[in-house]
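Visitor: Input file: protein_0.csv. Contents: CSV, C-alpha atoms and all ligand atoms.
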```csv
chain,number,residue,atom,x,y,z
A,1,MET,CA,0.0,0.0,0.0
A,2,GLY,CA,1.6,3.2,-1.1
A,3,HIS,CA,1.6,6.0,1.4
A,4,ILE,CA,-0.9,8.2,-0.2
A,5,ASP,CA,-0.6,10.9,2.3
A,6,GLU,CA,0.7,11.1,5.8
A,7,GLY,CA,0.0,14.7,5.7
A,8,SER,CA,2.6,17.3,6.1
A,9,SER,CA,0.4,18.4,9.0
A,10,LYS,CA,1.5,19.9,12.1
A,11,GLY,CA,1.5,17.8,15.2
A,12,GLY,CA,-1.2,15.2,15.6
A,13,GLY,CA,-3.8,17.1,13.7
A,14,THR,CA,-4.3,14.4,11.1
A,15,VAL,CA,-4.7,11.7,13.7
A,16,ALA,CA,-7.2,13.7,15.7
A,17,SER,CA,-9.2,14.5,12.5
A,18,LEU,CA,-9.0,10.9,11.4
A,19,SER,CA,-10.5,9.7,14.7
A,20,ARG,CA,-13.1,12.3,14.4
A,21,ALA,CA,-13.9,11.2,10.9
A,22,ARG,CA,-14.1,7.6,12.1
A,23,ARG,CA,-16.6,8.6,14.8
A,24,ASN,CA,-18.6,10.6,12.3
A,25,ILE,CA,-18.8,7.6,9.9
A,26,GLU,CA,-19.7,5.1,12.5
A,27,GLU,CA,-22.3,7.4,14.0
A,28,HIS,CA,-24.0,7.2,10.6
A,29,HIS,CA,-23.9,3.4,10.8
A,30,TYR,CA,-21.3,3.0,8.1
A,31,ARG,CA,-18.1,0.9,8.7
A,32,PHE,CA,-14.8,2.7,8.8
A,33,THR,CA,-13.2,0.5,6.2
A,34,PRO,CA,-9.5,0.8,5.1
A,35,GLN,CA,-10.7,2.2,1.8
A,36,ARG,CA,-12.7,4.9,3.6
A,37,GLU,CA,-9.8,5.7,5.8
A,38,ALA,CA,-7.4,5.9,2.8
A,39,ILE,CA,-9.7,8.4,1.1
A,40,CYS,CA,-10.1,10.4,4.3
A,41,ARG,CA,-6.4,10.7,4.5
A,42,VAL,CA,-6.1,12.1,1.0
A,43,PHE,CA,-8.4,15.0,2.0
A,44,LEU,CA,-6.8,15.4,5.4
A,45,GLY,CA,-3.5,15.8,3.7
A,46,GLU,CA,-4.7,18.8,1.8
A,47,PRO,CA,-7.9,19.9,3.7
A,48,THR,CA,-8.4,23.1,1.7
A,49,ARG,CA,-8.0,21.6,-1.7
A,50,HIS,CA,-10.9,21.0,-4.0
A,51,PHE,CA,-10.4,17.5,-5.4
A,52,ALA,CA,-12.1,16.3,-8.5
A,53,ALA,CA,-13.6,12.8,-8.0
A,54,GLU,CA,-11.4,11.8,-11.0
A,55,GLU,CA,-8.3,13.0,-9.2
A,56,ILE,CA,-9.1,10.8,-6.2
A,57,ARG,CA,-9.7,7.9,-8.5
A,58,ALA,CA,-6.4,8.5,-10.3
A,59,LEU,CA,-4.5,8.6,-7.0
A,60,PHE,CA,-5.4,5.0,-6.3
A,61,SER,CA,-5.0,3.7,-9.8
A,62,ARG,CA,-1.4,2.7,-9.3
A,63,SER,CA,-1.7,1.2,-5.8
A,64,ASP,CA,-3.5,-1.7,-4.3
A,65,GLY,CA,-6.1,0.8,-2.9
A,66,PRO,CA,-9.8,1.0,-3.7
A,67,GLY,CA,-11.0,0.6,-7.2
A,68,PRO,CA,-13.0,3.2,-9.2
A,69,ALA,CA,-16.4,2.0,-8.1
A,70,THR,CA,-15.3,2.0,-4.4
A,71,VAL,CA,-13.8,5.4,-4.7
A,72,TYR,CA,-17.0,7.0,-6.1
A,73,ARG,CA,-19.2,5.1,-3.6
A,74,THR,CA,-16.9,6.3,-0.8
A,75,LEU,CA,-17.1,9.9,-1.9
A,76,ALA,CA,-20.9,9.6,-1.8
A,77,VAL,CA,-20.8,8.1,1.7
A,78,LEU,CA,-18.4,10.8,3.0
A,79,GLN,CA,-20.6,13.4,1.6
A,80,ASP,CA,-23.6,11.7,3.2
A,81,VAL,CA,-22.1,11.8,6.6
A,82,GLY,CA,-21.1,15.4,6.2
A,83,LEU,CA,-17.3,15.0,5.9
A,84,LEU,CA,-17.2,16.1,2.3
A,85,ARG,CA,-18.9,19.0,0.6
A,86,ARG,CA,-19.7,19.1,-3.0
A,87,VAL,CA,-18.2,22.2,-4.7
A,88,ASP,CA,-19.8,23.7,-7.8
A,89,THR,CA,-17.1,24.6,-10.2
A,90,GLY,CA,-19.3,24.8,-13.2
A,91,ASP,CA,-17.3,22.4,-15.3
A,92,GLY,CA,-19.6,19.5,-14.8
A,93,CYS,CA,-17.1,17.5,-12.9
A,94,ALA,CA,-17.7,16.5,-9.3
A,95,ARG,CA,-15.4,18.2,-6.9
A,96,TYR,CA,-15.2,17.8,-3.2
A,97,GLU,CA,-13.6,19.5,-0.2
A,98,TRP,CA,-13.0,18.3,3.3
A,99,ALA,CA,-16.0,19.9,5.1
A,100,PRO,CA,-14.6,20.1,8.7
A,101,HIS,CA,-11.8,22.3,7.5
A,102,ASP,CA,-14.2,25.2,7.7
A,103,ALA,CA,-17.2,24.8,10.0
A,104,THR,CA,-18.6,28.1,9.0
A,105,THR,CA,-18.3,27.5,5.3
A,106,HIS,CA,-17.2,29.9,2.6
A,107,CYS,CA,-17.9,30.5,-1.0
A,108,HIS,CA,-15.7,30.1,-4.1
A,109,LEU,CA,-14.3,32.2,-6.8
A,110,VAL,CA,-14.0,29.9,-9.8
A,111,CYS,CA,-12.0,30.9,-12.8
A,112,ILE,CA,-13.6,29.5,-16.0
A,113,GLY,CA,-10.3,30.1,-17.8
A,114,CYS,CA,-7.9,28.0,-15.8
A,115,GLY,CA,-10.2,26.3,-13.3
A,116,ALA,CA,-8.5,27.8,-10.2
A,117,VAL,CA,-10.7,27.8,-7.1
A,118,GLN,CA,-10.2,30.5,-4.5
A,119,GLU,CA,-12.0,30.4,-1.1
A,120,ILE,CA,-13.7,33.5,0.1
A,121,ASP,CA,-14.4,33.8,3.8
A,122,TRP,CA,-18.0,33.5,4.8
A,123,SER,CA,-17.7,36.7,6.9
A,124,HIS,CA,-17.7,38.6,3.6
A,125,MET,CA,-21.3,37.5,3.1
A,126,PRO,CA,-22.8,38.4,6.5
A,127,ASP,CA,-26.3,39.0,5.2
A,128,LEU,CA,-26.5,35.6,3.5
A,129,ALA,CA,-24.9,33.9,6.5
A,130,ALA,CA,-27.6,35.6,8.7
A,131,VAL,CA,-30.4,34.5,6.4
A,132,LEU,CA,-29.2,30.9,6.3
A,133,ASP,CA,-28.9,31.0,10.1
A,134,ALA,CA,-32.4,32.4,10.5
A,135,GLU,CA,-33.9,29.9,8.2
A,136,ASP,CA,-31.9,27.1,9.9
A,137,PHE,CA,-30.8,26.0,6.4
A,138,GLU,CA,-28.1,23.4,6.1
A,139,VAL,CA,-25.8,24.1,3.2
A,140,THR,CA,-24.8,21.1,1.2
A,141,THR,CA,-23.3,22.8,-1.9
A,142,LEU,CA,-21.4,26.0,-1.5
A,143,PRO,CA,-22.2,29.0,-3.7
A,144,SER,CA,-19.7,29.8,-6.4
A,145,VAL,CA,-18.9,32.9,-8.3
A,146,PHE,CA,-17.6,32.4,-11.8
A,147,GLY,CA,-15.3,34.6,-13.9
A,148,HIS,CA,-11.8,35.1,-15.0
A,149,CYS,CA,-8.9,35.3,-12.6
A,150,ARG,CA,-6.3,38.1,-12.9
A,151,ARG,CA,-3.6,35.8,-14.2
A,152,CYS,CA,-5.8,34.6,-17.0
A,153,ARG,CA,-6.8,38.1,-17.9
A,154,GLU,CA,-3.2,39.3,-17.9
A,155,GLN,CA,-2.3,36.5,-20.3
A,156,GLY,CA,-4.9,38.0,-22.5
A,157,SER,CA,-6.6,34.8,-23.4
A,158,GLY,CA,-10.2,35.6,-23.3
A,159,GLU,CA,-11.0,32.1,-24.4
A,160,MET,CA,-13.1,30.0,-22.1
A,161,ARG,CA,-12.4,26.4,-21.2
A,162,THR,CA,-15.1,24.5,-22.9
A,163,ASP,CA,-13.6,21.1,-23.0
A,164,SER,CA,-15.2,19.0,-20.3
A,165,ALA,CA,-13.7,15.8,-21.6
A,201,ZN,ZN,-7.6,31.7,-14.4
A,202,ZN,ZN,-13.7,25.5,-0.5
```
The structure given in the file should be rewritten as structure tokens.
Guide:
Amino acid sequence: MGHIDEGSSKGGGTVASLSRARRNIEEHHYRFTPQREAICRVFLGEPTRHFAAEEIRALFSRSDGPGPATVYRTLAVLQDVGLLRRVDTGDGCARYEWAPHDATTHCHLVCIGCGAVQEIDWSHMPDLAAVLDAEDFEVTTLPSVFGHCRRCREQGSGEMRTDSA
């Protein structure tokens, strides 16, 4: 088994988060299988990254880790128990982030030129946050704002990425 990610994390943060993830999964009556642990570790290694489902699958393609069907099923389970959040990046591919990395949530600036995803602190949207709070509404997919990042504009390519293949 290749060491997918021991996390360059500080201290025992990953271990604490992993045991928390385990508790979360078991509370929802799922088993904390080695495959689920392996995929949790990938996200814990880079908790602020927005992984495409395809990227996760590719990570395991050269190891004796979970196969594609298990990977996709696991992502669905982790989303179901609230450990992953689906991120809308407008390119039709499923992206996920580690939900516990930001309990208060945030929104995303998504560049349709290069696909870069930038996180914007929720405190910049106090009115929306207050509304969601008042309505007691649980967010499952974070709002995204689409456009062109500065780097893409400076490179002068106004072309939009249309290849979803
Ligand atoms: Zn860009
Ligand atoms: Zn995010």
Visitor: Can you check which parts of chain A lie within 10 Å of ligand ZN 202 (chain A)? Per residue, the shortest pair of atoms and distance in Å to one decimal, counting all atoms listed in the file, sorted by chain and number, as a Markdown table.
Guide:
```
| residue | atom | partner | partner_atom | distance |
| --- | --- | --- | --- | --- |
| A:Pro47 | CA | A:ZN202 | ZN | 9.1 |
| A:Thr48 | CA | A:ZN202 | ZN | 6.2 |
| A:Arg49 | CA | A:ZN202 | ZN | 7.0 |
| A:His50 | CA | A:ZN202 | ZN | 6.4 |
| A:Phe51 | CA | A:ZN202 | ZN | 9.9 |
| A:Arg85 | CA | A:ZN202 | ZN | 8.4 |
| A:Arg86 | CA | A:ZN202 | ZN | 9.1 |
| A:Val87 | CA | A:ZN202 | ZN | 7.0 |
| A:Asp88 | CA | A:ZN202 | ZN | 9.7 |
| A:Arg95 | CA | A:ZN202 | ZN | 9.9 |
| A:Tyr96 | CA | A:ZN202 | ZN | 8.3 |
| A:Glu97 | CA | A:ZN202 | ZN | 6.0 |
| A:Trp98 | CA | A:ZN202 | ZN | 8.2 |
| A:Ala99 | CA | A:ZN202 | ZN | 8.2 |
| A:His101 | CA | A:ZN202 | ZN | 8.8 |
| A:Asp102 | CA | A:ZN202 | ZN | 8.2 |
| A:Thr105 | CA | A:ZN202 | ZN | 7.7 |
| A:His106 | CA | A:ZN202 | ZN | 6.4 |
| A:Cys107 | CA | A:ZN202 | ZN | 6.5 |
| A:His108 | CA | A:ZN202 | ZN | 6.2 |
| A:Leu109 | CA | A:ZN202 | ZN | 9.2 |
| A:Val117 | CA | A:ZN202 | ZN | 7.6 |
| A:Gln118 | CA | A:ZN202 | ZN | 7.3 |
| A:Glu119 | CA | A:ZN202 | ZN | 5.2 |
| A:Ile120 | CA | A:ZN202 | ZN | 8.0 |
| A:Asp121 | CA | A:ZN202 | ZN | 9.4 |
| A:Leu142 | CA | A:ZN202 | ZN | 7.8 |
| A:Pro143 | CA | A:ZN202 | ZN | 9.7 |
| A:Ser144 | CA | A:ZN202 | ZN | 9.4 |
```
Visitor: Compute the set of protein, DNA and RNA residues whose minimum atom distance to ligand ZN 201 (chain A) is at most 10 Å, using only C-alpha atoms and all ligand atoms, and state it as a list of chain:residue names.
Guide: A:Val110, A:Cys111, A:Ile112, A:Gly113, A:Cys114, A:Gly115, A:Ala116, A:Val117, A:Gly147, A:His148, A:Cys149, A:Arg150, A:Arg151, A:Cys152, A:Arg153, A:Glu154, A:Gln155, A:Ser157, A:Met160, A:Arg161
Visitor: If we count all atoms listed in the file, what is near range 74-76 of chain A at a cut-off of 12 Å, once residues fewer than 4 positions away on the same chain are taken out, given as a ChimeraX atom specification?
Guide: /A:25,30-40,42-43,51-57,66-70,80-86,94-98
Visitor: CA of Pro126 in chain A and CA of Asp91 in chain A are how many Å apart?
Guide: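 Separation between CA of Pro126 in chain A and CA of Asp91 in chain A: 27.6 Å.
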Visitor: Please, what distance in Å, to one decimal, runs between CA of Leu44 in chain A and CA of Val15 in chain A?
Guide: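 About the pair CA of Leu44 in chain A and CA of Val15 in chain A: they are 9.3 Å apart.
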Visitor: Using Å and a single decimal, report how far CA of Leu18 in chain A sits from CA of Gly45 in chain A.
Guide: 10.7 Å
Visitor: So which one's closest to His29 in chain A, A:Val145, A:Arg41, A:Val77, A:Asp133? Using all atoms listed in the file, please.
Guide: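 Using all atoms listed in the file, His29 in chain A sits closest to A:Val77.
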Visitor: Reconstruct range 68-101 of chain A at the level of N, CA and C atoms, and format the result as a PDB file, keeping the file's coordinate frame.
Guide:
```pdb
ATOM      1  N   PRO A  68     -12.131   2.041  -8.785  1.00  0.00           N
ATOM      2  CA  PRO A  68     -13.000   3.200  -9.200  1.00  0.00           C
ATOM      3  C   PRO A  68     -14.361   3.184  -8.534  1.00  0.00           C
ATOM      4  N   ALA A  69     -15.036   2.055  -8.594  1.00  0.00           N
ATOM      5  CA  ALA A  69     -16.400   2.000  -8.100  1.00  0.00           C
ATOM      6  C   ALA A  69     -16.423   2.305  -6.582  1.00  0.00           C
ATOM      7  N   THR A  70     -15.428   1.761  -5.884  1.00  0.00           N
ATOM      8  CA  THR A  70     -15.300   2.000  -4.400  1.00  0.00           C
ATOM      9  C   THR A  70     -15.031   3.434  -4.134  1.00  0.00           C
ATOM     10  N   VAL A  71     -14.174   4.028  -4.956  1.00  0.00           N
ATOM     11  CA  VAL A  71     -13.800   5.400  -4.700  1.00  0.00           C
ATOM     12  C   VAL A  71     -15.068   6.304  -4.855  1.00  0.00           C
ATOM     13  N   TYR A  72     -15.834   6.116  -5.922  1.00  0.00           N
ATOM     14  CA  TYR A  72     -17.000   7.000  -6.100  1.00  0.00           C
ATOM     15  C   TYR A  72     -18.059   6.719  -5.038  1.00  0.00           C
ATOM     16  N   ARG A  73     -18.196   5.469  -4.683  1.00  0.00           N
ATOM     17  CA  ARG A  73     -19.200   5.100  -3.600  1.00  0.00           C
ATOM     18  C   ARG A  73     -18.712   5.773  -2.296  1.00  0.00           C
ATOM     19  N   THR A  74     -17.424   5.716  -2.030  1.00  0.00           N
ATOM     20  CA  THR A  74     -16.900   6.300  -0.800  1.00  0.00           C
ATOM     21  C   THR A  74     -17.101   7.786  -0.730  1.00  0.00           C
ATOM     22  N   LEU A  75     -16.875   8.456  -1.861  1.00  0.00           N
ATOM     23  CA  LEU A  75     -17.100   9.900  -1.900  1.00  0.00           C
ATOM     24  C   LEU A  75     -18.544  10.223  -1.546  1.00  0.00           C
ATOM     25  N   ALA A  76     -19.452   9.409  -2.062  1.00  0.00           N
ATOM     26  CA  ALA A  76     -20.900   9.600  -1.800  1.00  0.00           C
ATOM     27  C   ALA A  76     -21.171   9.406  -0.296  1.00  0.00           C
ATOM     28  N   VAL A  77     -20.557   8.382   0.269  1.00  0.00           N
ATOM     29  CA  VAL A  77     -20.800   8.100   1.700  1.00  0.00           C
ATOM     30  C   VAL A  77     -20.213   9.230   2.541  1.00  0.00           C
ATOM     31  N   LEU A  78     -19.015   9.694   2.200  1.00  0.00           N
ATOM     32  CA  LEU A  78     -18.400  10.800   3.000  1.00  0.00           C
ATOM     33  C   LEU A  78     -19.175  12.055   2.891  1.00  0.00           C
ATOM     34  N   GLN A  79     -19.788  12.264   1.738  1.00  0.00           N
ATOM     35  CA  GLN A  79     -20.600  13.400   1.600  1.00  0.00           C
ATOM     36  C   GLN A  79     -21.903  13.252   2.453  1.00  0.00           C
ATOM     37  N   ASP A  80     -22.422  12.034   2.422  1.00  0.00           N
ATOM     38  CA  ASP A  80     -23.600  11.700   3.200  1.00  0.00           C
ATOM     39  C   ASP A  80     -23.472  11.963   4.659  1.00  0.00           C
ATOM     40  N   VAL A  81     -22.305  11.655   5.189  1.00  0.00           N
ATOM     41  CA  VAL A  81     -22.100  11.800   6.600  1.00  0.00           C
ATOM     42  C   VAL A  81     -21.575  13.207   6.980  1.00  0.00           C
ATOM     43  N   GLY A  82     -21.422  14.050   5.970  1.00  0.00           N
ATOM     44  CA  GLY A  82     -21.100  15.400   6.200  1.00  0.00           C
ATOM     45  C   GLY A  82     -19.560  15.707   6.301  1.00  0.00           C
ATOM     46  N   LEU A  83     -18.750  14.722   5.895  1.00  0.00           N
ATOM     47  CA  LEU A  83     -17.300  15.000   5.900  1.00  0.00           C
ATOM     48  C   LEU A  83     -16.815  15.648   4.655  1.00  0.00           C
ATOM     49  N   LEU A  84     -17.541  15.451   3.561  1.00  0.00           N
ATOM     50  CA  LEU A  84     -17.200  16.100   2.300  1.00  0.00           C
ATOM     51  C   LEU A  84     -18.313  17.038   1.890  1.00  0.00           C
ATOM     52  N   ARG A  85     -17.926  18.136   1.255  1.00  0.00           N
ATOM     53  CA  ARG A  85     -18.900  19.000   0.600  1.00  0.00           C
ATOM     54  C   ARG A  85     -18.660  19.042  -0.842  1.00  0.00           C
ATOM     55  N   ARG A  86     -19.734  19.013  -1.568  1.00  0.00           N
ATOM     56  CA  ARG A  86     -19.700  19.100  -3.000  1.00  0.00           C
ATOM     57  C   ARG A  86     -19.420  20.579  -3.358  1.00  0.00           C
ATOM     58  N   VAL A  87     -18.522  20.837  -4.286  1.00  0.00           N
ATOM     59  CA  VAL A  87     -18.200  22.200  -4.700  1.00  0.00           C
ATOM     60  C   VAL A  87     -18.605  22.369  -6.157  1.00  0.00           C
ATOM     61  N   ASP A  88     -19.370  23.410  -6.414  1.00  0.00           N
ATOM     62  CA  ASP A  88     -19.800  23.700  -7.800  1.00  0.00           C
ATOM     63  C   ASP A  88     -18.758  24.494  -8.514  1.00  0.00           C
ATOM     64  N   THR A  89     -18.051  23.876  -9.449  1.00  0.00           N
ATOM     65  CA  THR A  89     -17.100  24.600 -10.200  1.00  0.00           C
ATOM     66  C   THR A  89     -17.496  24.805 -11.649  1.00  0.00           C
ATOM     67  N   GLY A  90     -18.758  24.493 -11.923  1.00  0.00           N
ATOM     68  CA  GLY A  90     -19.300  24.800 -13.200  1.00  0.00           C
ATOM     69  C   GLY A  90     -18.794  24.061 -14.395  1.00  0.00           C
ATOM     70  N   ASP A  91     -17.886  23.129 -14.179  1.00  0.00           N
ATOM     71  CA  ASP A  91     -17.300  22.400 -15.300  1.00  0.00           C
ATOM     72  C   ASP A  91     -17.886  21.009 -15.432  1.00  0.00           C
ATOM     73  N   GLY A  92     -18.925  20.762 -14.661  1.00  0.00           N
ATOM     74  CA  GLY A  92     -19.600  19.500 -14.800  1.00  0.00           C
ATOM     75  C   GLY A  92     -18.907  18.325 -14.132  1.00  0.00           C
ATOM     76  N   CYS A  93     -17.725  18.573 -13.555  1.00  0.00           N
ATOM     77  CA  CYS A  93     -17.100  17.500 -12.900  1.00  0.00           C
ATOM     78  C   CYS A  93     -17.255  17.605 -11.376  1.00  0.00           C
ATOM     79  N   ALA A  94     -17.457  16.476 -10.732  1.00  0.00           N
ATOM     80  CA  ALA A  94     -17.700  16.500  -9.300  1.00  0.00           C
ATOM     81  C   ALA A  94     -16.464  16.815  -8.524  1.00  0.00           C
ATOM     82  N   ARG A  95     -16.534  17.871  -7.735  1.00  0.00           N
ATOM     83  CA  ARG A  95     -15.400  18.200  -6.900  1.00  0.00           C
ATOM     84  C   ARG A  95     -15.864  18.247  -5.428  1.00  0.00           C
ATOM     85  N   TYR A  96     -14.924  17.872  -4.582  1.00  0.00           N
ATOM     86  CA  TYR A  96     -15.200  17.800  -3.200  1.00  0.00           C
ATOM     87  C   TYR A  96     -14.154  18.455  -2.328  1.00  0.00           C
ATOM     88  N   GLU A  97     -14.560  18.970  -1.185  1.00  0.00           N
ATOM     89  CA  GLU A  97     -13.600  19.500  -0.200  1.00  0.00           C
ATOM     90  C   GLU A  97     -13.915  18.860   1.135  1.00  0.00           C
ATOM     91  N   TRP A  98     -12.902  18.865   1.984  1.00  0.00           N
ATOM     92  CA  TRP A  98     -13.000  18.300   3.300  1.00  0.00           C
ATOM     93  C   TRP A  98     -13.870  19.299   4.150  1.00  0.00           C
ATOM     94  N   ALA A  99     -15.107  18.936   4.485  1.00  0.00           N
ATOM     95  CA  ALA A  99     -16.000  19.900   5.100  1.00  0.00           C
ATOM     96  C   ALA A  99     -15.564  20.408   6.472  1.00  0.00           C
ATOM     97  N   PRO A 100     -14.962  19.549   7.314  1.00  0.00           N
ATOM     98  CA  PRO A 100     -14.600  20.100   8.700  1.00  0.00           C
ATOM     99  C   PRO A 100     -13.511  21.133   8.625  1.00  0.00           C
ATOM    100  N   HIS A 101     -12.862  21.361   7.475  1.00  0.00           N
ATOM    101  CA  HIS A 101     -11.800  22.300   7.500  1.00  0.00           C
ATOM    102  C   HIS A 101     -12.331  23.752   7.674  1.00  0.00           C
TER     103      HIS A 101
END
```
